[in-house]
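Enquirer: My file is input_13.txt. It has compact mmCIF, C-alpha atoms and all ligand atoms:
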# COMPACT_ATOMS: atom_id res chain seq x y z
CA MET A 1 2.75 -31.74 4.35
CA SER A 2 -0.06 -29.58 5.80
CA THR A 3 -1.12 -26.44 4.01
CA ALA A 4 -3.44 -23.77 5.37
CA LEU A 5 -5.23 -21.62 2.78
CA VAL A 6 -6.29 -18.17 3.92
CA THR A 7 -8.49 -16.01 1.70
CA GLY A 8 -7.73 -12.30 1.85
CA GLY A 9 -4.20 -12.69 3.18
CA SER A 10 -2.64 -9.52 1.83
CA ARG A 11 -3.10 -7.46 5.01
CA GLY A 12 -4.95 -7.11 8.31
CA ILE A 13 -6.44 -10.14 10.01
CA GLY A 14 -5.70 -12.40 7.02
CA ARG A 15 -1.98 -11.64 7.15
CA ALA A 16 -1.85 -12.28 10.90
CA ILE A 17 -3.58 -15.64 10.36
CA CYS A 18 -1.03 -16.54 7.65
CA VAL A 19 1.83 -15.77 10.02
CA ALA A 20 0.24 -17.73 12.88
CA PHE A 21 -0.08 -20.82 10.67
CA ALA A 22 3.49 -20.38 9.45
CA ARG A 23 4.71 -20.29 13.06
CA ALA A 24 2.62 -23.39 13.82
CA GLY A 25 4.49 -25.35 11.12
CA TYR A 26 2.06 -25.16 8.19
CA ASP A 27 2.89 -24.13 4.67
CA VAL A 28 0.64 -21.19 3.91
CA ALA A 29 -1.29 -20.42 0.73
CA PHE A 30 -3.24 -17.21 0.57
CA CYS A 31 -5.13 -15.17 -2.00
CA TYR A 32 -5.96 -11.54 -2.58
CA SER A 33 -7.65 -9.62 -5.39
CA LYS A 34 -5.65 -6.36 -5.72
CA ASP A 35 -3.08 -5.61 -3.05
CA GLU A 36 0.19 -6.81 -4.68
CA ALA A 37 2.44 -4.87 -2.28
CA GLY A 38 0.59 -6.24 0.71
CA ALA A 39 0.80 -9.78 -0.69
CA GLY A 40 4.57 -9.39 -1.06
CA GLU A 41 4.84 -8.32 2.56
CA THR A 42 2.72 -11.30 3.69
CA CYS A 43 5.07 -13.64 1.78
CA ARG A 44 8.05 -12.08 3.55
CA CYS A 45 6.37 -12.55 6.94
CA ILE A 46 5.49 -16.21 6.22
CA GLU A 47 8.99 -16.99 5.03
CA ALA A 48 10.55 -15.18 8.01
CA ALA A 49 8.55 -17.57 10.20
CA GLY A 50 10.26 -20.47 8.41
CA ALA A 51 7.34 -21.65 6.23
CA GLY A 52 6.65 -21.85 2.51
CA ALA A 53 4.41 -19.11 1.05
CA LEU A 54 2.05 -19.66 -1.87
CA PRO A 55 0.41 -16.36 -2.92
CA PHE A 56 -2.44 -16.32 -5.47
CA LEU A 57 -4.06 -13.40 -7.22
CA CYS A 58 -7.67 -14.60 -7.10
CA ASP A 59 -10.98 -12.82 -6.64
CA VAL A 60 -12.79 -15.27 -4.38
CA THR A 61 -16.18 -14.39 -5.88
CA ASP A 62 -15.10 -15.86 -9.25
CA GLU A 63 -16.16 -19.53 -9.42
CA GLN A 64 -13.66 -20.46 -12.13
CA LYS A 65 -10.71 -18.72 -10.43
CA VAL A 66 -11.57 -20.38 -7.12
CA GLY A 67 -11.54 -23.78 -8.87
CA GLU A 68 -8.09 -23.02 -10.31
CA LEU A 69 -6.86 -21.82 -6.93
CA PHE A 70 -7.78 -25.05 -5.16
CA CYS A 71 -6.20 -27.14 -7.95
CA SER A 72 -2.91 -25.31 -7.26
CA VAL A 73 -2.74 -25.87 -3.49
CA PRO A 74 -1.08 -29.12 -2.37
CA GLY A 75 -1.67 -30.76 1.01
CA LEU A 76 -4.69 -28.68 2.04
CA THR A 77 -5.81 -29.37 5.62
CA VAL A 78 -7.20 -25.99 6.73
CA LEU A 79 -9.28 -23.33 4.96
CA VAL A 80 -9.87 -19.92 6.51
CA ASN A 81 -12.61 -17.92 4.80
CA ASN A 82 -11.34 -14.50 5.84
CA ALA A 83 -11.70 -12.26 2.75
CA GLY A 84 -14.36 -9.68 3.40
CA ILE A 85 -15.52 -6.19 2.58
CA ALA A 86 -17.61 -3.70 4.48
CA HIS A 87 -20.27 -1.30 3.29
CA TYR A 88 -21.52 1.66 5.28
CA GLY A 89 -24.73 3.55 4.59
CA LEU A 90 -28.41 3.87 5.35
CA ILE A 91 -30.55 1.07 3.94
CA GLN A 92 -32.42 3.50 1.70
CA ASP A 93 -29.12 4.73 0.24
CA THR A 94 -27.67 1.27 -0.40
CA ALA A 95 -27.48 0.38 -4.10
CA LEU A 96 -28.45 -3.17 -5.02
CA GLU A 97 -25.02 -3.72 -6.57
CA ASP A 98 -23.33 -2.74 -3.28
CA TRP A 99 -25.58 -5.14 -1.36
CA GLU A 100 -24.81 -7.93 -3.85
CA ARG A 101 -21.05 -7.27 -3.86
CA VAL A 102 -20.94 -7.51 -0.05
CA PHE A 103 -22.79 -10.84 -0.18
CA ALA A 104 -20.58 -12.08 -3.02
CA VAL A 105 -17.32 -11.45 -1.14
CA ASN A 106 -18.55 -12.29 2.36
CA VAL A 107 -20.88 -15.25 1.69
CA ARG A 108 -20.70 -16.60 -1.88
CA ALA A 109 -16.91 -16.83 -1.64
CA ALA A 110 -17.09 -18.85 1.58
CA PHE A 111 -19.49 -21.26 -0.14
CA LEU A 112 -17.30 -21.51 -3.27
CA CYS A 113 -14.09 -22.06 -1.30
CA THR A 114 -15.62 -24.55 1.13
CA ARG A 115 -17.18 -26.48 -1.76
CA ALA A 116 -13.81 -26.60 -3.52
CA ALA A 117 -12.00 -27.72 -0.35
CA ILE A 118 -14.33 -30.62 0.51
CA PRO A 119 -13.02 -33.13 -2.10
CA LYS A 120 -9.47 -32.46 -0.90
CA PHE A 121 -10.45 -32.92 2.74
CA LEU A 122 -12.38 -36.12 1.92
CA LYS A 123 -9.32 -37.52 0.21
CA ARG A 124 -7.20 -36.86 3.33
CA GLY A 125 -9.92 -38.11 5.68
CA GLU A 126 -10.00 -34.83 7.62
CA GLY A 127 -10.18 -31.07 7.25
CA CYS A 128 -10.98 -27.88 9.02
CA VAL A 129 -12.74 -24.67 7.97
CA VAL A 130 -12.80 -21.43 9.95
CA ASN A 131 -15.06 -18.61 8.79
CA ILE A 132 -14.40 -15.04 9.91
CA SER A 133 -17.69 -13.46 10.90
CA SER A 134 -18.39 -10.41 13.02
CA ILE A 135 -20.13 -9.17 16.12
CA TRP A 136 -22.47 -7.40 13.68
CA GLY A 137 -23.55 -10.79 12.35
CA GLU A 138 -24.85 -11.51 15.85
CA THR A 139 -26.28 -8.15 16.89
CA GLY A 140 -26.70 -6.11 13.68
CA GLY A 141 -24.95 -2.79 13.16
CA SER A 142 -26.76 0.44 12.34
CA CYS A 143 -25.77 1.69 8.84
CA GLU A 144 -24.21 -1.70 8.15
CA ALA A 145 -27.26 -3.73 7.07
CA ALA A 146 -25.56 -5.44 4.12
CA TYR A 147 -22.43 -6.27 6.12
CA SER A 148 -24.38 -7.43 9.20
CA SER A 149 -26.71 -9.60 7.10
CA SER A 150 -23.80 -11.18 5.25
CA LYS A 151 -21.96 -11.98 8.47
CA ALA A 152 -25.16 -13.48 9.95
CA ALA A 153 -25.42 -15.63 6.81
CA LEU A 154 -21.85 -16.79 7.38
CA ILE A 155 -22.80 -17.96 10.87
CA GLY A 156 -25.75 -19.91 9.40
CA PHE A 157 -23.50 -21.41 6.75
CA THR A 158 -21.00 -22.45 9.45
CA LYS A 159 -23.64 -24.32 11.44
CA ALA A 160 -25.19 -26.10 8.43
CA ALA A 161 -21.80 -27.08 7.03
CA ALA A 162 -20.62 -28.28 10.45
CA LYS A 163 -23.61 -30.65 10.75
CA GLU A 164 -23.31 -31.89 7.18
CA LEU A 165 -19.54 -32.46 7.23
CA ALA A 166 -18.96 -33.78 10.76
CA PRO A 167 -19.52 -37.43 9.72
CA SER A 168 -16.69 -36.91 7.20
CA LYS A 169 -14.37 -35.63 9.97
CA ILE A 170 -14.43 -32.12 8.55
CA ARG A 171 -14.94 -29.46 11.22
CA VAL A 172 -16.39 -26.03 10.49
CA ASN A 173 -16.21 -23.19 13.01
CA CYS A 174 -16.58 -19.47 13.02
CA ILE A 175 -15.06 -16.42 14.69
CA ALA A 176 -17.29 -13.47 15.56
CA ALA A 177 -14.79 -10.66 15.98
CA GLY A 178 -15.47 -7.28 17.54
CA MET A 179 -13.62 -4.14 16.47
CA ILE A 180 -10.10 -5.05 15.32
CA GLU A 181 -7.38 -2.57 14.36
CA THR A 182 -7.13 -2.93 10.56
CA GLU A 183 -7.56 -0.85 7.42
CA MET A 184 -11.18 -1.95 7.26
CA ASN A 185 -11.93 0.51 10.07
CA ALA A 186 -9.73 3.31 8.72
CA ARG A 187 -12.81 5.22 7.55
CA PHE A 188 -13.90 5.85 11.14
CA THR A 189 -12.70 9.06 12.79
CA ALA A 190 -10.74 8.91 16.05
CA LYS A 191 -13.87 10.23 17.79
CA GLU A 192 -16.07 7.48 16.33
CA ARG A 193 -13.55 4.82 17.31
CA ALA A 194 -13.29 6.21 20.84
CA ALA A 195 -17.09 6.09 21.15
CA PHE A 196 -17.11 2.45 20.08
CA VAL A 197 -14.26 1.55 22.46
CA LYS A 198 -16.28 3.07 25.34
CA GLY A 199 -18.67 0.12 24.99
CA ILE A 200 -15.90 -2.48 25.22
CA PRO A 201 -15.27 -3.67 28.81
CA LEU A 202 -11.59 -4.38 28.06
CA GLY A 203 -11.29 -0.77 26.88
CA ARG A 204 -9.52 -1.22 23.56
CA GLU A 205 -9.80 -2.57 20.03
CA GLY A 206 -8.50 -6.08 19.36
CA THR A 207 -5.45 -6.87 17.27
CA PRO A 208 -5.23 -9.06 14.16
CA GLU A 209 -2.80 -11.31 16.06
CA GLU A 210 -5.41 -11.96 18.77
CA VAL A 211 -7.94 -13.04 16.12
CA ALA A 212 -5.28 -15.26 14.52
CA ALA A 213 -4.65 -16.95 17.89
CA ALA A 214 -8.39 -17.68 18.16
CA VAL A 215 -8.36 -19.24 14.69
CA LEU A 216 -5.46 -21.51 15.68
CA PHE A 217 -7.34 -22.44 18.87
CA LEU A 218 -10.34 -23.62 16.82
CA VAL A 219 -8.14 -25.55 14.41
CA ASN A 220 -6.40 -27.29 17.32
CA GLN A 221 -9.60 -28.33 19.14
CA PRO A 222 -10.62 -31.71 17.67
CA TYR A 223 -13.96 -31.81 19.56
CA MET A 224 -15.26 -28.40 18.47
CA THR A 225 -17.43 -27.91 15.42
CA GLY A 226 -20.29 -25.57 14.56
CA GLU A 227 -19.06 -23.08 17.18
CA VAL A 228 -19.19 -19.31 16.98
CA LEU A 229 -16.23 -18.10 19.02
CA ARG A 230 -16.56 -14.49 20.16
CA ILE A 231 -13.46 -12.34 20.41
CA ASN A 232 -14.68 -8.86 21.20
CA GLY A 233 -13.17 -7.55 24.45
CA GLY A 234 -16.35 -8.42 26.33
CA ALA A 235 -18.60 -6.23 24.17
CA LEU A 236 -21.50 -8.71 24.40
CA ILE A 237 -21.35 -9.71 28.07
P1 LIG B 1 -8.92 -5.65 5.43
O1 LIG B 1 -9.72 -4.76 4.55
O2 LIG B 1 -7.75 -5.10 6.15
O3 LIG B 1 -8.42 -6.92 4.57
C1 LIG B 1 -9.33 -7.60 3.72
C2 LIG B 1 -8.57 -8.67 2.96
O4 LIG B 1 -9.51 -9.34 2.08
C3 LIG B 1 -7.48 -8.11 2.09
O5 LIG B 1 -6.39 -9.01 2.06
C4 LIG B 1 -8.14 -8.03 0.72
O6 LIG B 1 -7.15 -8.08 -0.31
C5 LIG B 1 -9.00 -9.30 0.75
N1 LIG B 1 -10.11 -9.29 -0.19
C6 LIG B 1 -11.14 -8.41 -0.27
N2 LIG B 1 -11.95 -8.72 -1.28
C7 LIG B 1 -11.42 -9.83 -1.86
C8 LIG B 1 -11.79 -10.64 -2.97
N3 LIG B 1 -12.88 -10.37 -3.70
N4 LIG B 1 -11.03 -11.70 -3.30
C9 LIG B 1 -9.91 -11.99 -2.58
N5 LIG B 1 -9.50 -11.27 -1.51
C10 LIG B 1 -10.25 -10.19 -1.17
O7 LIG B 1 -9.96 -6.31 6.43
P2 LIG B 1 -9.77 -7.01 7.86
O8 LIG B 1 -8.46 -7.67 7.94
O9 LIG B 1 -10.19 -6.07 8.89
O10 LIG B 1 -10.92 -8.12 7.76
C11 LIG B 1 -10.69 -9.49 7.51
C12 LIG B 1 -11.98 -10.24 7.81
O11 LIG B 1 -12.33 -10.03 9.18
C13 LIG B 1 -13.18 -9.76 7.00
O12 LIG B 1 -13.99 -10.86 6.66
C14 LIG B 1 -13.91 -8.85 7.95
O13 LIG B 1 -15.28 -8.74 7.65
C15 LIG B 1 -13.67 -9.59 9.26
N6 LIG B 1 -13.84 -8.76 10.44
C16 LIG B 1 -13.11 -7.62 10.61
C17 LIG B 1 -13.29 -6.84 11.74
C18 LIG B 1 -12.54 -5.57 11.98
O14 LIG B 1 -12.92 -4.82 12.91
N7 LIG B 1 -11.47 -5.28 11.23
C19 LIG B 1 -14.27 -7.24 12.78
C20 LIG B 1 -14.98 -8.46 12.50
C21 LIG B 1 -14.74 -9.19 11.38
P3 LIG B 1 -7.30 -7.28 -1.70
O15 LIG B 1 -7.62 -5.87 -1.36
O16 LIG B 1 -5.99 -7.51 -2.37
O17 LIG B 1 -8.40 -8.00 -2.39
Is it possible to give me this structure as C-alpha cells?
Expert:
Amino acid sequence: MSTALVTGGSRGIGRAICVAFARAGYDVAFCYSKDEAGAGETCRCIEAAGAGALPFLCDVTDEQKVGELFCSVPGLTVLVNNAGIAHYGLIQDTALEDWERVFAVNVRAAFLCTRAAIPKFLKRGEGCVVNISSIWGETGGSCEAAYSSSKAALIGFTKAAAKELAPSKIRVNCIAAGMIETEMNARFTAKERAAFVKGIPLGREGTPEEVAAAVLFLVNQPYMTGEVLRINGGALI
C-alpha cells in the first residue's frame, strides 16, 4: 500500500493534490486545522476517485499533534507540505505574532512533518517530499514580507533536505506557484486580480488542478531532487 499525506487538504490546492493522488492509485491522508465541512468534501472527492481517505484534524504547527498524525498513517511514501497561510500588510504594520504565525505554518510545519516522515521513509527504503512554495519566495512580494520570506525559507529547506536525504533515496522537491484561483486570494478585488493577471504571459490565473499535476510530475520523476519547479503562467520569463 502507498499512502500520500497532504497537509492542508480541506480545500484549494491541497484538495486538488489529494484528488490527483487518489486518481493515481494512492490512499490519501490529509490534515486540516479548522475547516470540517471542507474536509468532508475532500473525503468525498477522494472516495469518488476510488481511493481510501484518511482525514485528520491537526494543526501542523503543533509538534505533539504532528507526531500523533504520522503514527496514524500507514504505508507513507509521499509527503506534500502544502498547508500555508498568507499575511498582507506593510512591514511597519506587521505584528511580531503575525510574522511568527506565518513562519510557524509555512516553515516550522514543513520541518516538523518532514522530520516525522523520515523514519517511515527510511524503513521503506524510499520516500518523496514536495513542498509548496510560491513565486513570492523567489522574487519577494510588496506588502507580503512575512509570506515571501517564509516561502523563500521553504525553498532553502527543500535544497538542504534534498542534499541530506538523497543518499537515503528520499527525494525532496518544491513547487513555486504563481497566482492560483483559491480562497487564499479571495481578499483581492477583481481590479487587483486583473492587474496581476496583466503581468502573466498566459493571461490567466492557474488552477489548483494544474498545481496538483505538477506535484504528481515531481513525485513520478525518480531522477529529480532539490528542484524548484515553477508553475506561474510564464510570469518570470
Ligand atoms: P487555502 O487557504 O485555500 O487552503 C489552505 C489549506 O491549509 C486549508 O486546507 C487549511 O485548512 C490548511 N491550513 C492552514 N493552516 C493550517 C494549519 N495550521 N494546520 C493544518 N492545516 C492548515 O490556500 P491555497 O490552497 O491557495 O494554498 C495552498 C498552499 O499553496 C499554501 O502553502 C500557499 O502558500 C501555496 N500557494 C498558493 C498560491 C495561490 O495563489 N493560491 C500561490 C503560491 C503558493 P484549515 O483552514 O482547516 O486549517
Enquirer: Show me which residues sit within 8 Å of ligand LIG 1 (chain B) when counting only C-alpha atoms and all ligand atoms, and put them as number ranges by chain.
Expert: A: 7-15, 31-36, 38-39, 57-61, 81-86, 104-106, 109, 132-136, 147, 151, 175-185, 206, 208
Enquirer: Grab all the atoms of segment 40-53 of chain A that the file lists, wrap them in a box along x, y and z, add 3 Å per side, and give me centre plus edge lengths in Å (one decimal) as JSON.
Expert:
{"center_x": 6.6, "center_y": -15.1, "center_z": 4.6, "size_x": 13.8, "size_y": 19.5, "size_z": 17.3}
Enquirer: Here is a test: counting only C-alpha atoms, which residue of A:Ala146, A:Ile170, A:Ala160, A:Val219 is nearest to Glu97 of chain A?
Expert: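 Among the listed residues, A:Ala146 lies closest to Glu97 of chain A.
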Enquirer: To one decimal place in Å, what is the distance between atom CA of Pro55 of chain A and atom CA of Gly40 of chain A?
Expert: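 Computing the Euclidean distance for atom CA of Pro55 of chain A and atom CA of Gly40 of chain A yields 8.3 Å.
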Enquirer: If you count all atoms listed in the file, which residues fall within 8 Å of segment 110-123 of chain A, apart from same-chain ones fewer than 2 positions away, as a ChimeraX atom specification?
Expert: /A:60-61,63,66-67,70,76-77,79,81,105-108,125-127,129,131,154,157,168,170
Enquirer: Any idea what the distance is between atom CA of Val28 of chain A and atom CA of Ala4 of chain A?
Expert: 5.0 Å
Enquirer: Enter the distance from atom CA of Cys174 of chain A to atom CA of Arg230 of chain A, in Å, rounded to one decimal.
Expert: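 Distance reported for this atom pair: 8.7 Å.
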Enquirer: Around the point (3.6, -24.2, 11.4) (coordinates from the file), which residues reach within 10 Å if we count all atoms listed in the file? Answer as a list of chain:residue names.
Expert: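 Those residues, ordered by chain and then number, are A:Ser2, A:Thr3, A:Ala4, A:Cys18, A:Val19, A:Ala20, A:Phe21, A:Ala22, A:Arg23, A:Ala24, A:Gly25, A:Tyr26, A:Asp27, A:Val28, A:Ile46, A:Ala49, A:Gly50, A:Ala51, A:Gly52.
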Enquirer: Compile the contact shell of Met224 of chain A as a VMD selection string: residues with an atom at most 12 Å away, counting all atoms listed in the file, same-chain residues fewer than 3 positions apart removed.
Expert: chain A and resid 128 to 130 159 162 to 163 166 169 to 174 217 to 221 227 to 229
Enquirer: With all atoms listed in the file as the basis for distance, which of A:Ala186, A:Leu165, A:Leu90, A:Leu54 is at the shortest distance from Ser142 of chain A?
Expert: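 Selected residue with least distance to Ser142 of chain A: A:Leu90.
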Enquirer: Of the candidates A:Glu47, A:Glu144, A:Glu205, A:Glu68, which shows the shortest atom-to-atom distance to Gly89 of chain A, using all atoms listed in the file?
Expert: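 Residue with the minimum atom-to-atom distance to Gly89 of chain A: A:Glu144.
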Enquirer: Should you be able to, write segment 137-176 of chain A of this structure into a file that contains N, CA and C atoms, as a compact mmCIF listing (two decimals), in the first residue's frame.
Expert:
# COMPACT_ATOMS: atom_id res chain seq x y z
N GLY A 137 8.38 33.64 -2.96
CA GLY A 137 9.59 33.12 -2.31
C GLY A 137 10.81 33.30 -3.18
N GLU A 138 10.59 33.49 -4.49
CA GLU A 138 11.70 33.72 -5.42
C GLU A 138 11.95 35.20 -5.64
N THR A 139 10.85 35.98 -5.75
CA THR A 139 11.02 37.37 -6.18
C THR A 139 10.71 38.38 -5.07
N GLY A 140 9.98 37.94 -4.02
CA GLY A 140 9.52 38.88 -2.99
C GLY A 140 8.28 39.61 -3.48
N GLY A 141 7.29 39.74 -2.60
CA GLY A 141 6.08 40.47 -2.94
C GLY A 141 5.91 41.67 -2.02
N SER A 142 5.63 42.83 -2.61
CA SER A 142 5.40 44.02 -1.80
C SER A 142 4.19 43.79 -0.90
N CYS A 143 4.27 44.22 0.35
CA CYS A 143 3.22 44.03 1.36
C CYS A 143 3.00 42.56 1.72
N GLU A 144 3.96 41.74 1.37
CA GLU A 144 3.89 40.32 1.75
C GLU A 144 5.26 39.85 2.24
N ALA A 145 5.89 40.66 3.10
CA ALA A 145 7.27 40.34 3.52
C ALA A 145 7.32 39.04 4.32
N ALA A 146 6.37 38.85 5.24
CA ALA A 146 6.40 37.63 6.05
C ALA A 146 6.17 36.41 5.17
N TYR A 147 5.16 36.49 4.31
CA TYR A 147 4.83 35.37 3.42
C TYR A 147 6.01 35.08 2.48
N SER A 148 6.53 36.13 1.84
CA SER A 148 7.63 35.94 0.88
C SER A 148 8.85 35.33 1.56
N SER A 149 9.17 35.83 2.77
CA SER A 149 10.34 35.31 3.49
C SER A 149 10.13 33.85 3.86
N SER A 150 8.92 33.52 4.27
CA SER A 150 8.66 32.12 4.67
C SER A 150 8.74 31.19 3.46
N LYS A 151 8.27 31.65 2.32
CA LYS A 151 8.31 30.79 1.14
C LYS A 151 9.74 30.68 0.59
N ALA A 152 10.56 31.72 0.80
CA ALA A 152 11.98 31.62 0.44
C ALA A 152 12.66 30.61 1.37
N ALA A 153 12.30 30.64 2.64
CA ALA A 153 12.87 29.67 3.60
C ALA A 153 12.51 28.24 3.19
N LEU A 154 11.31 28.07 2.69
CA LEU A 154 10.88 26.73 2.27
C LEU A 154 11.72 26.23 1.09
N ILE A 155 12.12 27.13 0.22
CA ILE A 155 12.99 26.75 -0.90
C ILE A 155 14.37 26.34 -0.35
N GLY A 156 14.89 27.09 0.61
CA GLY A 156 16.17 26.74 1.23
C GLY A 156 16.09 25.40 1.94
N PHE A 157 14.99 25.18 2.64
CA PHE A 157 14.80 23.90 3.34
C PHE A 157 14.75 22.74 2.33
N THR A 158 14.07 22.96 1.22
CA THR A 158 13.98 21.93 0.18
C THR A 158 15.37 21.52 -0.29
N LYS A 159 16.21 22.51 -0.57
CA LYS A 159 17.53 22.20 -1.13
C LYS A 159 18.43 21.49 -0.12
N ALA A 160 18.40 21.96 1.14
CA ALA A 160 19.23 21.33 2.18
C ALA A 160 18.75 19.90 2.43
N ALA A 161 17.43 19.73 2.53
CA ALA A 161 16.90 18.39 2.80
C ALA A 161 17.18 17.46 1.63
N ALA A 162 17.10 17.98 0.41
CA ALA A 162 17.35 17.14 -0.77
C ALA A 162 18.78 16.60 -0.74
N LYS A 163 19.75 17.47 -0.40
CA LYS A 163 21.15 17.02 -0.34
C LYS A 163 21.34 15.99 0.77
N GLU A 164 20.76 16.30 1.93
CA GLU A 164 20.96 15.43 3.09
C GLU A 164 20.32 14.06 2.90
N LEU A 165 19.17 14.02 2.24
CA LEU A 165 18.37 12.78 2.21
C LEU A 165 18.56 11.96 0.93
N ALA A 166 19.22 12.53 -0.08
CA ALA A 166 19.39 11.79 -1.34
C ALA A 166 20.09 10.45 -1.14
N PRO A 167 21.15 10.38 -0.31
CA PRO A 167 21.80 9.07 -0.12
C PRO A 167 20.85 8.02 0.48
N SER A 168 19.79 8.47 1.12
CA SER A 168 18.80 7.53 1.69
C SER A 168 17.63 7.28 0.73
N LYS A 169 17.79 7.71 -0.53
CA LYS A 169 16.75 7.53 -1.56
C LYS A 169 15.45 8.24 -1.20
N ILE A 170 15.60 9.36 -0.52
CA ILE A 170 14.44 10.22 -0.23
C ILE A 170 14.63 11.49 -1.05
N ARG A 171 13.68 11.78 -1.93
CA ARG A 171 13.77 12.97 -2.77
C ARG A 171 12.92 14.10 -2.19
N VAL A 172 13.43 15.32 -2.33
CA VAL A 172 12.71 16.49 -1.80
C VAL A 172 12.69 17.56 -2.88
N ASN A 173 11.52 17.94 -3.32
CA ASN A 173 11.37 18.96 -4.35
C ASN A 173 10.37 20.02 -3.91
N CYS A 174 10.23 21.01 -4.75
CA CYS A 174 9.44 22.17 -4.35
C CYS A 174 8.72 22.73 -5.57
N ILE A 175 7.52 23.23 -5.34
CA ILE A 175 6.76 23.92 -6.38
C ILE A 175 6.76 25.41 -6.03
N ALA A 176 7.07 26.25 -7.00
CA ALA A 176 6.92 27.70 -6.79
C ALA A 176 5.75 28.15 -7.66
